[in-house]
Amino acid sequence: MEQGSTGNMELSDLQASPGEWLGGTGPEADIVISSRIRLARNLAGYPFFSTADEQQLGELERMVRERLLNTCVSEGMGYFSMQTMPMLDRQFLVERHLISREHAFGKGARGVGLALDETVSIMVNEEDHLRIQGLCSGLQLREAWERVDAVDTRLESCLEFAFSAQFGYLTVCPTNAGTGLRASVMLHLPALVMTRQIDKVFQAVSKIGLIVRGLYGEGTEASGDFYQISNQSTLGKSETDIIETIEKVIPKIVEYEKMVRNNLMQQKHEVLEDKVWRAYGQLKHARMIASEETMEYLSSVRMGVSLGIIQEVKMDVINELFLFTQPAHLQKQNEIQLDETERDVVRASYIRKRLQGSD
């Protein structure tokens, strides 16, 4: 069993597939990569994470781990302690969107419970005592909510959450109080970026209380033309209100992206084809390639596959490459620590072999 793991699961069990967020099976999956619901919960009788001492955090983490495994392990959930987990494994979980960067590199007693199919993860002692997350491929916010709600109900049967009749569930950040729910959708919007119309999306969603973040959430920049759109606050809104707000705006963004792609195909076909095929050529023949450069080229190729410009490679192969070429995934696949230059060489080799195998 891997260091820090508890239950019937090891991190190596996750390596064979790209995970739920890049599964590519849900509605509108060519543009909507994934839907995520996250609940913030804190335990009654304990100080918030920001004010608790090491002893209190350790006691809380041990109790939650025990209760979590007793209530969820029968459904294939494992638990991992962050203190004893190697840094490479922490980065691996960040790349798979199962934990946040803050959780991976923070200090003190903390852990994460994971479902084997990666549809549910539970961070313990992140910003709040519990961050319960549900992930679905494509545009499936309600399905993600149902998964999270089921886990939340089960945990609340054996844990007392901090709750106020006036403010709802209490959280470290006041904007999360109430339901404690953050809903987000990850979109792939290369055409809007290419035509410099992405700022119109930012401006439109901000007017209705939504926020745009990068690939790995708060404080990160867009990579590979991936953007996350989520609600800014929860207080005074029901779970249904939050989900419905996002459900109304996402189809409009999807249609906007599709319209711009079609316009490019009709009006600037040669420009678009050149961009797509150049990116494909770089990926298929490069001997060294950096992570950010890879994301940029994969984004163009993914759009090309979606539009039928490239027919010799499948969408699931491109989706997998987005994840398996990330630094931690490369090193875990090769079972060796690699410096940046070595990673660039190994990454290029891996991409060449994967694309040749898809011909």
# chains A, B, ... in the order shown; residues from 1 in each chain; ligands from 1

$ residues_around --residues "Ser206 in chain A" --least-positions-apart "5" --cutoff "12 Å" --atoms "only C-alpha atoms" --output "JSON list (two decimals) with all heavy atoms, in the first residue's frame"
[["chain", "number", "residue", "atom", "x", "y", "z"],
["A", 199, "ASP", "N", -12.87, 38.26, -23.90],
["A", 199, "ASP", "CA", -13.15, 39.30, -22.91],
["A", 199, "ASP", "C", -14.64, 39.62, -22.84],
["A", 199, "ASP", "O", -15.14, 40.03, -21.78],
["A", 199, "ASP", "CB", -12.37, 40.57, -23.22],
["A", 199, "ASP", "CG", -10.89, 40.45, -22.87],
["A", 199, "ASP", "OD1", -10.56, 39.51, -22.11],
["A", 199, "ASP", "OD2", -10.09, 41.26, -23.35],
["A", 200, "LYS", "N", -15.36, 39.46, -23.94],
["A", 200, "LYS", "CA", -16.80, 39.68, -23.92],
["A", 200, "LYS", "C", -17.48, 38.69, -22.99],
["A", 200, "LYS", "O", -18.46, 39.03, -22.31],
["A", 200, "LYS", "CB", -17.37, 39.54, -25.34],
["A", 200, "LYS", "CG", -16.93, 40.62, -26.31],
["A", 200, "LYS", "CD", -17.58, 40.42, -27.67],
["A", 200, "LYS", "CE", -17.13, 41.49, -28.67],
["A", 200, "LYS", "NZ", -17.75, 41.27, -30.00],
["A", 201, "VAL", "N", -16.98, 37.46, -22.97],
["A", 201, "VAL", "CA", -17.52, 36.44, -22.06],
["A", 201, "VAL", "C", -17.26, 36.83, -20.61],
["A", 201, "VAL", "O", -18.15, 36.76, -19.76],
["A", 201, "VAL", "CB", -16.90, 35.06, -22.36],
["A", 201, "VAL", "CG1", -17.36, 34.03, -21.33],
["A", 201, "VAL", "CG2", -17.28, 34.61, -23.77],
["A", 211, "ILE", "N", -17.82, 34.26, -11.98],
["A", 211, "ILE", "CA", -16.41, 34.61, -12.07],
["A", 211, "ILE", "C", -15.70, 33.61, -12.97],
["A", 211, "ILE", "O", -16.07, 32.43, -13.01],
["A", 211, "ILE", "CB", -15.76, 34.65, -10.67],
["A", 211, "ILE", "CG1", -14.35, 35.24, -10.73],
["A", 211, "ILE", "CG2", -15.76, 33.28, -10.01],
["A", 211, "ILE", "CD1", -13.76, 35.57, -9.37],
["A", 212, "VAL", "N", -14.68, 34.07, -13.68],
["A", 212, "VAL", "CA", -13.90, 33.22, -14.58],
["A", 212, "VAL", "C", -12.52, 33.00, -13.97],
["A", 212, "VAL", "O", -11.85, 33.95, -13.56],
["A", 212, "VAL", "CB", -13.76, 33.85, -15.97],
["A", 212, "VAL", "CG1", -12.97, 32.92, -16.90],
["A", 212, "VAL", "CG2", -15.13, 34.15, -16.56],
["A", 213, "ARG", "N", -12.10, 31.73, -13.92],
["A", 213, "ARG", "CA", -10.78, 31.38, -13.39],
["A", 213, "ARG", "C", -10.05, 30.52, -14.40],
["A", 213, "ARG", "O", -10.62, 30.06, -15.38],
["A", 213, "ARG", "CB", -10.91, 30.65, -12.05],
["A", 213, "ARG", "CG", -11.49, 31.52, -10.93],
["A", 213, "ARG", "CD", -11.36, 30.80, -9.60],
["A", 213, "ARG", "NE", -11.68, 31.67, -8.48],
["A", 213, "ARG", "CZ", -12.83, 31.66, -7.83],
["A", 213, "ARG", "NH1", -13.79, 30.83, -8.20],
["A", 213, "ARG", "NH2", -13.05, 32.46, -6.80],
["A", 229, "ILE", "N", -15.85, 28.66, -15.04],
["A", 229, "ILE", "CA", -16.85, 29.66, -14.71],
["A", 229, "ILE", "C", -17.64, 29.17, -13.51],
["A", 229, "ILE", "O", -18.17, 28.05, -13.52],
["A", 229, "ILE", "CB", -17.78, 29.93, -15.90],
["A", 229, "ILE", "CG1", -16.97, 30.54, -17.05],
["A", 229, "ILE", "CG2", -18.94, 30.85, -15.51],
["A", 229, "ILE", "CD1", -17.77, 30.81, -18.31],
["A", 230, "SER", "N", -17.71, 29.99, -12.46],
["A", 230, "SER", "CA", -18.38, 29.57, -11.23],
["A", 230, "SER", "C", -19.07, 30.74, -10.56],
["A", 230, "SER", "O", -18.86, 31.91, -10.92],
["A", 230, "SER", "CB", -17.35, 28.96, -10.26],
["A", 230, "SER", "OG", -16.42, 29.93, -9.84],
["A", 231, "ASN", "N", -19.93, 30.43, -9.57],
["A", 231, "ASN", "CA", -20.59, 31.47, -8.80],
["A", 231, "ASN", "C", -19.61, 32.13, -7.83],
["A", 231, "ASN", "O", -18.68, 31.49, -7.32],
["A", 231, "ASN", "CB", -21.78, 30.90, -8.02],
["A", 231, "ASN", "CG", -21.41, 29.78, -7.08],
["A", 231, "ASN", "OD1", -20.85, 28.77, -7.50],
["A", 231, "ASN", "ND2", -21.71, 29.94, -5.80],
["A", 232, "GLN", "N", -19.82, 33.42, -7.55],
["A", 232, "GLN", "CA", -18.93, 34.16, -6.65],
["A", 232, "GLN", "C", -19.32, 34.04, -5.20],
["A", 232, "GLN", "O", -18.48, 34.10, -4.31],
["A", 232, "GLN", "CB", -18.91, 35.65, -7.04],
["A", 232, "GLN", "CG", -18.08, 35.95, -8.28],
["A", 232, "GLN", "CD", -17.96, 37.44, -8.54],
["A", 232, "GLN", "OE1", -18.95, 38.09, -8.86],
["A", 232, "GLN", "NE2", -16.77, 37.98, -8.40],
["A", 246, "ILE", "N", -26.00, 29.19, -13.50],
["A", 246, "ILE", "CA", -24.91, 28.73, -14.37],
["A", 246, "ILE", "C", -25.45, 27.95, -15.56],
["A", 246, "ILE", "O", -24.97, 28.08, -16.69],
["A", 246, "ILE", "CB", -23.90, 27.90, -13.56],
["A", 246, "ILE", "CG1", -23.27, 28.76, -12.47],
["A", 246, "ILE", "CG2", -22.81, 27.32, -14.47],
["A", 246, "ILE", "CD1", -22.27, 28.06, -11.60],
["A", 249, "VAL", "N", -26.42, 30.28, -18.42],
["A", 249, "VAL", "CA", -25.40, 31.02, -19.16],
["A", 249, "VAL", "C", -24.47, 30.12, -19.97],
["A", 249, "VAL", "O", -24.01, 30.51, -21.05],
["A", 249, "VAL", "CB", -24.58, 31.92, -18.21],
["A", 249, "VAL", "CG1", -23.64, 31.11, -17.34],
["A", 249, "VAL", "CG2", -23.82, 32.97, -18.99]]

$ residues_around --residues "range 140-149 of chain A" --least-positions-apart "5" --cutoff "8 Å" --atoms "only C-alpha atoms" --output "JSON, numbers by chain"
{"A": [26, 27, 34, 35, 36, 37, 38, 39, 119, 120, 132, 133, 134, 135, 183, 185, 243, 247]}

$ write_last_selection --atoms "C-alpha atoms" --output "tab-separated table (two decimals), in the first residue's frame"
chain	number	residue	atom	x	y	z
A	26	GLY	CA	-21.02	14.05	-21.09
A	27	PRO	CA	-23.30	16.49	-22.94
A	34	SER	CA	-16.46	19.03	-16.90
A	35	SER	CA	-18.98	20.14	-14.30
A	36	ARG	CA	-18.04	20.44	-10.63
A	37	ILE	CA	-19.97	20.97	-7.42
A	38	ARG	CA	-18.07	21.74	-4.21
A	39	LEU	CA	-19.50	22.04	-0.70
A	119	THR	CA	-16.26	11.46	-9.29
A	120	VAL	CA	-15.99	12.42	-5.60
A	132	ILE	CA	-16.70	17.88	-0.69
A	133	GLN	CA	-16.32	17.83	-4.47
A	134	GLY	CA	-18.26	16.05	-7.22
A	135	LEU	CA	-17.06	15.92	-10.84
A	183	ALA	CA	-20.71	25.26	-8.85
A	185	VAL	CA	-18.03	24.42	-15.37
A	243	ILE	CA	-27.04	25.78	-10.38
A	247	GLU	CA	-27.10	26.36	-16.41

$ closest_residue --among "A:Leu170, A:Val124, A:Val151, A:Ile250" --to "Ala204 in chain A" --atoms "only C-alpha atoms"
A:Ile250

$ select_by_dssp --residues "range 93-292 of chain A" --states "strand (DSSP E)" --output "JSON, numbers by chain"
{"A": [111, 112, 113, 114, 115, 120, 121, 122, 123, 124, 130, 131, 132, 133, 134, 135, 136, 137, 163, 164, 168, 169, 181, 182, 183, 184, 185, 186, 187, 188, 210, 211, 212, 213, 226, 227, 228, 229, 230, 231]}

$ residues_around --residues "Ser238 in chain A" --least-positions-apart "5" --cutoff "10 Å" --atoms "only C-alpha atoms" --output "number ranges by chain"
A: 178-181, 243-244

$ closest_residue --among "A:His329, A:Lys275, A:Lys353, A:Lys258" --to "Pro18 in chain A" --atoms "only C-alpha atoms"
A:His329

$ atom_distance --atom1 "CA of Met82 in chain A" --atom2 "CA of Asp117 in chain A"
20.1 Å

$ closest_residue --among "A:Ile198, A:Leu155, A:Ala328, A:Val32" --to "Arg65 in chain A" --atoms "only C-alpha atoms"
A:Leu155

$ closest_residue --among "A:Ala150, A:Leu298, A:Leu283, A:Leu159" --to "Phe226 in chain A" --atoms "only C-alpha atoms"
A:Leu298

$ select_by_dssp --residues "range 69-293 of chain A" --states "alpha helix (DSSP H)" --output "ChimeraX atom specification"
/A:69-72,87-95,101-105,141-156,190-194,198-206,239-267,269-285,291-293

$ residues_around --residues "range 299-302 of chain A" --least-positions-apart "3" --cutoff "9 Å" --atoms "only C-alpha atoms" --output "list in words"
Asp30, His188, Leu189, Pro190, Ala191, Ser223, Gly224, Asp225, Phe226, Lys275, Val276, Trp277, Ala279, Tyr280, Thr294, Met295, Glu296, Val305, Ser306, Leu307, Ile309, Ile310, Met315, Ile318, Asn319 and Phe322 of chain A

$ closest_residue --among "A:Arg67, A:Arg101, A:Arg41, A:Arg96" --to "Leu130 in chain A" --atoms "only C-alpha atoms"
A:Arg41

$ residues_around --residues "Ser100 in chain A" --least-positions-apart "6" --cutoff "12 Å" --atoms "only C-alpha atoms" --output "ChimeraX atom specification"
/A:38,90-94,106,111-112,121-127,131-133,215-220

$ write_last_selection --atoms "N, CA, C and O atoms" --output "mmCIF file, in the first residue's frame"
data_model
loop_
_atom_site.group_PDB
_atom_site.id
_atom_site.type_symbol
_atom_site.label_atom_id
_atom_site.label_comp_id
_atom_site.auth_asym_id
_atom_site.auth_seq_id
_atom_site.Cartn_x
_atom_site.Cartn_y
_atom_site.Cartn_z
ATOM 1 N N ARG A 38 -18.891 21.826 -5.418
ATOM 2 C CA ARG A 38 -18.074 21.738 -4.209
ATOM 3 C C ARG A 38 -18.841 22.321 -3.033
ATOM 4 O O ARG A 38 -19.423 23.404 -3.135
ATOM 5 N N ARG A 90 1.306 14.533 -4.480
ATOM 6 C CA ARG A 90 0.409 15.669 -4.249
ATOM 7 C C ARG A 90 0.164 16.424 -5.556
ATOM 8 O O ARG A 90 -0.961 16.805 -5.867
ATOM 9 N N GLN A 91 1.240 16.656 -6.299
ATOM 10 C CA GLN A 91 1.106 17.351 -7.576
ATOM 11 C C GLN A 91 0.268 16.525 -8.551
ATOM 12 O O GLN A 91 -0.511 17.078 -9.342
ATOM 13 N N PHE A 92 0.414 15.227 -8.498
ATOM 14 C CA PHE A 92 -0.371 14.312 -9.328
ATOM 15 C C PHE A 92 -1.867 14.519 -9.075
ATOM 16 O O PHE A 92 -2.673 14.596 -10.015
ATOM 17 N N LEU A 93 -2.261 14.652 -7.823
ATOM 18 C CA LEU A 93 -3.672 14.858 -7.483
ATOM 19 C C LEU A 93 -4.155 16.247 -7.897
ATOM 20 O O LEU A 93 -5.318 16.413 -8.278
ATOM 21 N N VAL A 94 -3.270 17.249 -7.828
ATOM 22 C CA VAL A 94 -3.630 18.587 -8.308
ATOM 23 C C VAL A 94 -3.891 18.544 -9.810
ATOM 24 O O VAL A 94 -4.884 19.101 -10.297
ATOM 25 N N GLY A 106 0.022 22.917 1.554
ATOM 26 C CA GLY A 106 -0.192 23.500 2.871
ATOM 27 C C GLY A 106 0.531 22.736 3.968
ATOM 28 O O GLY A 106 1.230 21.748 3.714
ATOM 29 N N GLY A 111 -5.876 15.699 4.852
ATOM 30 C CA GLY A 111 -5.947 14.503 4.025
ATOM 31 C C GLY A 111 -6.981 14.659 2.940
ATOM 32 O O GLY A 111 -7.604 15.711 2.789
ATOM 33 N N VAL A 112 -7.179 13.581 2.173
ATOM 34 C CA VAL A 112 -8.182 13.603 1.107
ATOM 35 C C VAL A 112 -8.775 12.210 0.945
ATOM 36 O O VAL A 112 -8.066 11.208 0.932
ATOM 37 N N SER A 121 -14.317 13.669 -4.377
ATOM 38 C CA SER A 121 -13.146 13.807 -3.511
ATOM 39 C C SER A 121 -13.525 14.679 -2.327
ATOM 40 O O SER A 121 -14.380 15.563 -2.452
ATOM 41 N N ILE A 122 -12.905 14.413 -1.188
ATOM 42 C CA ILE A 122 -13.214 15.141 0.043
ATOM 43 C C ILE A 122 -11.906 15.605 0.666
ATOM 44 O O ILE A 122 -11.131 14.798 1.195
ATOM 45 N N MET A 123 -11.640 16.897 0.576
ATOM 46 C CA MET A 123 -10.440 17.463 1.190
ATOM 47 C C MET A 123 -10.714 17.759 2.660
ATOM 48 O O MET A 123 -11.731 18.372 2.995
ATOM 49 N N VAL A 124 -9.815 17.324 3.514
ATOM 50 C CA VAL A 124 -9.943 17.532 4.961
ATOM 51 C C VAL A 124 -8.885 18.537 5.404
ATOM 52 O O VAL A 124 -7.694 18.357 5.142
ATOM 53 N N ASN A 125 -9.343 19.613 6.049
ATOM 54 C CA ASN A 125 -8.461 20.689 6.521
ATOM 55 C C ASN A 125 -7.793 21.440 5.369
ATOM 56 O O ASN A 125 -6.593 21.665 5.364
ATOM 57 N N GLU A 126 -8.604 21.818 4.391
ATOM 58 C CA GLU A 126 -8.124 22.762 3.390
ATOM 59 C C GLU A 126 -8.406 24.148 3.954
ATOM 60 O O GLU A 126 -7.995 24.440 5.072
ATOM 61 N N GLU A 127 -9.156 25.014 3.270
ATOM 62 C CA GLU A 127 -9.538 26.290 3.876
ATOM 63 C C GLU A 127 -10.622 26.055 4.933
ATOM 64 O O GLU A 127 -10.627 26.686 5.990
ATOM 65 N N ARG A 131 -14.037 19.999 2.310
ATOM 66 C CA ARG A 131 -14.426 20.461 0.985
ATOM 67 C C ARG A 131 -14.846 19.212 0.203
ATOM 68 O O ARG A 131 -14.007 18.391 -0.164
ATOM 69 N N ILE A 132 -16.151 19.051 -0.008
ATOM 70 C CA ILE A 132 -16.698 17.876 -0.686
ATOM 71 C C ILE A 132 -16.920 18.234 -2.151
ATOM 72 O O ILE A 132 -17.653 19.162 -2.464
ATOM 73 N N GLN A 133 -16.286 17.493 -3.045
ATOM 74 C CA GLN A 133 -16.322 17.827 -4.470
ATOM 75 C C GLN A 133 -16.887 16.685 -5.297
ATOM 76 O O GLN A 133 -16.551 15.522 -5.083
ATOM 77 N N LEU A 215 -7.239 27.204 -15.380
ATOM 78 C CA LEU A 215 -7.359 25.746 -15.416
ATOM 79 C C LEU A 215 -7.438 25.123 -14.032
ATOM 80 O O LEU A 215 -8.194 24.176 -13.801
ATOM 81 N N TYR A 216 -6.658 25.634 -13.082
ATOM 82 C CA TYR A 216 -6.621 25.033 -11.754
ATOM 83 C C TYR A 216 -7.290 25.894 -10.693
ATOM 84 O O TYR A 216 -6.956 25.842 -9.518
ATOM 85 N N GLY A 217 -8.255 26.717 -11.132
ATOM 86 C CA GLY A 217 -9.077 27.441 -10.169
ATOM 87 C C GLY A 217 -8.512 28.778 -9.748
ATOM 88 O O GLY A 217 -7.753 29.423 -10.472
ATOM 89 N N GLU A 218 -8.874 29.181 -8.531
ATOM 90 C CA GLU A 218 -8.561 30.514 -8.029
ATOM 91 C C GLU A 218 -7.059 30.785 -8.031
ATOM 92 O O GLU A 218 -6.260 29.962 -7.597
ATOM 93 N N GLY A 219 -6.695 31.952 -8.569
ATOM 94 C CA GLY A 219 -5.298 32.356 -8.560
ATOM 95 C C GLY A 219 -4.467 31.753 -9.678
ATOM 96 O O GLY A 219 -3.252 31.955 -9.725
ATOM 97 N N THR A 220 -5.099 31.029 -10.610
ATOM 98 C CA THR A 220 -4.343 30.433 -11.713
ATOM 99 C C THR A 220 -4.777 31.035 -13.040
ATOM 100 O O THR A 220 -5.888 31.516 -13.186
#

$ residues_around --residues "Met259 in chain A" --least-positions-apart "6" --cutoff "10 Å" --atoms "only C-alpha atoms" --output "short mmCIF file (atom, residue, chain, number, x, y, z; two decimals) with N, CA and C atoms, in the first residue's frame"
data_model
loop_
_atom_site.label_atom_id
_atom_site.label_comp_id
_atom_site.auth_asym_id
_atom_site.auth_seq_id
_atom_site.Cartn_x
_atom_site.Cartn_y
_atom_site.Cartn_z
N ALA A 191 -11.57 29.14 -29.98
CA ALA A 191 -11.98 30.06 -31.04
C ALA A 191 -12.21 31.46 -30.50
N LEU A 192 -12.81 31.55 -29.30
CA LEU A 192 -13.03 32.86 -28.69
C LEU A 192 -11.71 33.52 -28.32
N ILE A 253 -22.65 30.46 -23.93
CA ILE A 253 -21.22 30.51 -24.21
C ILE A 253 -20.83 29.41 -25.19
N MET A 265 -14.26 28.60 -39.95
CA MET A 265 -14.23 27.58 -41.00
C MET A 265 -14.68 28.15 -42.35
#

$ atom_distance --atom1 "CA of Cys136 in chain A" --atom2 "CA of Ile31 in chain A"
13.8 Å

$ residues_around --residues "Gln356 in chain A" --least-positions-apart "6" --cutoff "12 Å" --atoms "only C-alpha atoms" --output "list of chain:residue names"
A:Tyr280, A:Gly281, A:Leu283, A:Lys284, A:His285, A:Glu312, A:Val313, A:Lys314, A:Val317, A:Ser349, A:Tyr350

$ atom_distance --atom1 "CA of Asn70 in chain A" --atom2 "CA of Leu116 in chain A"
16.0 Å
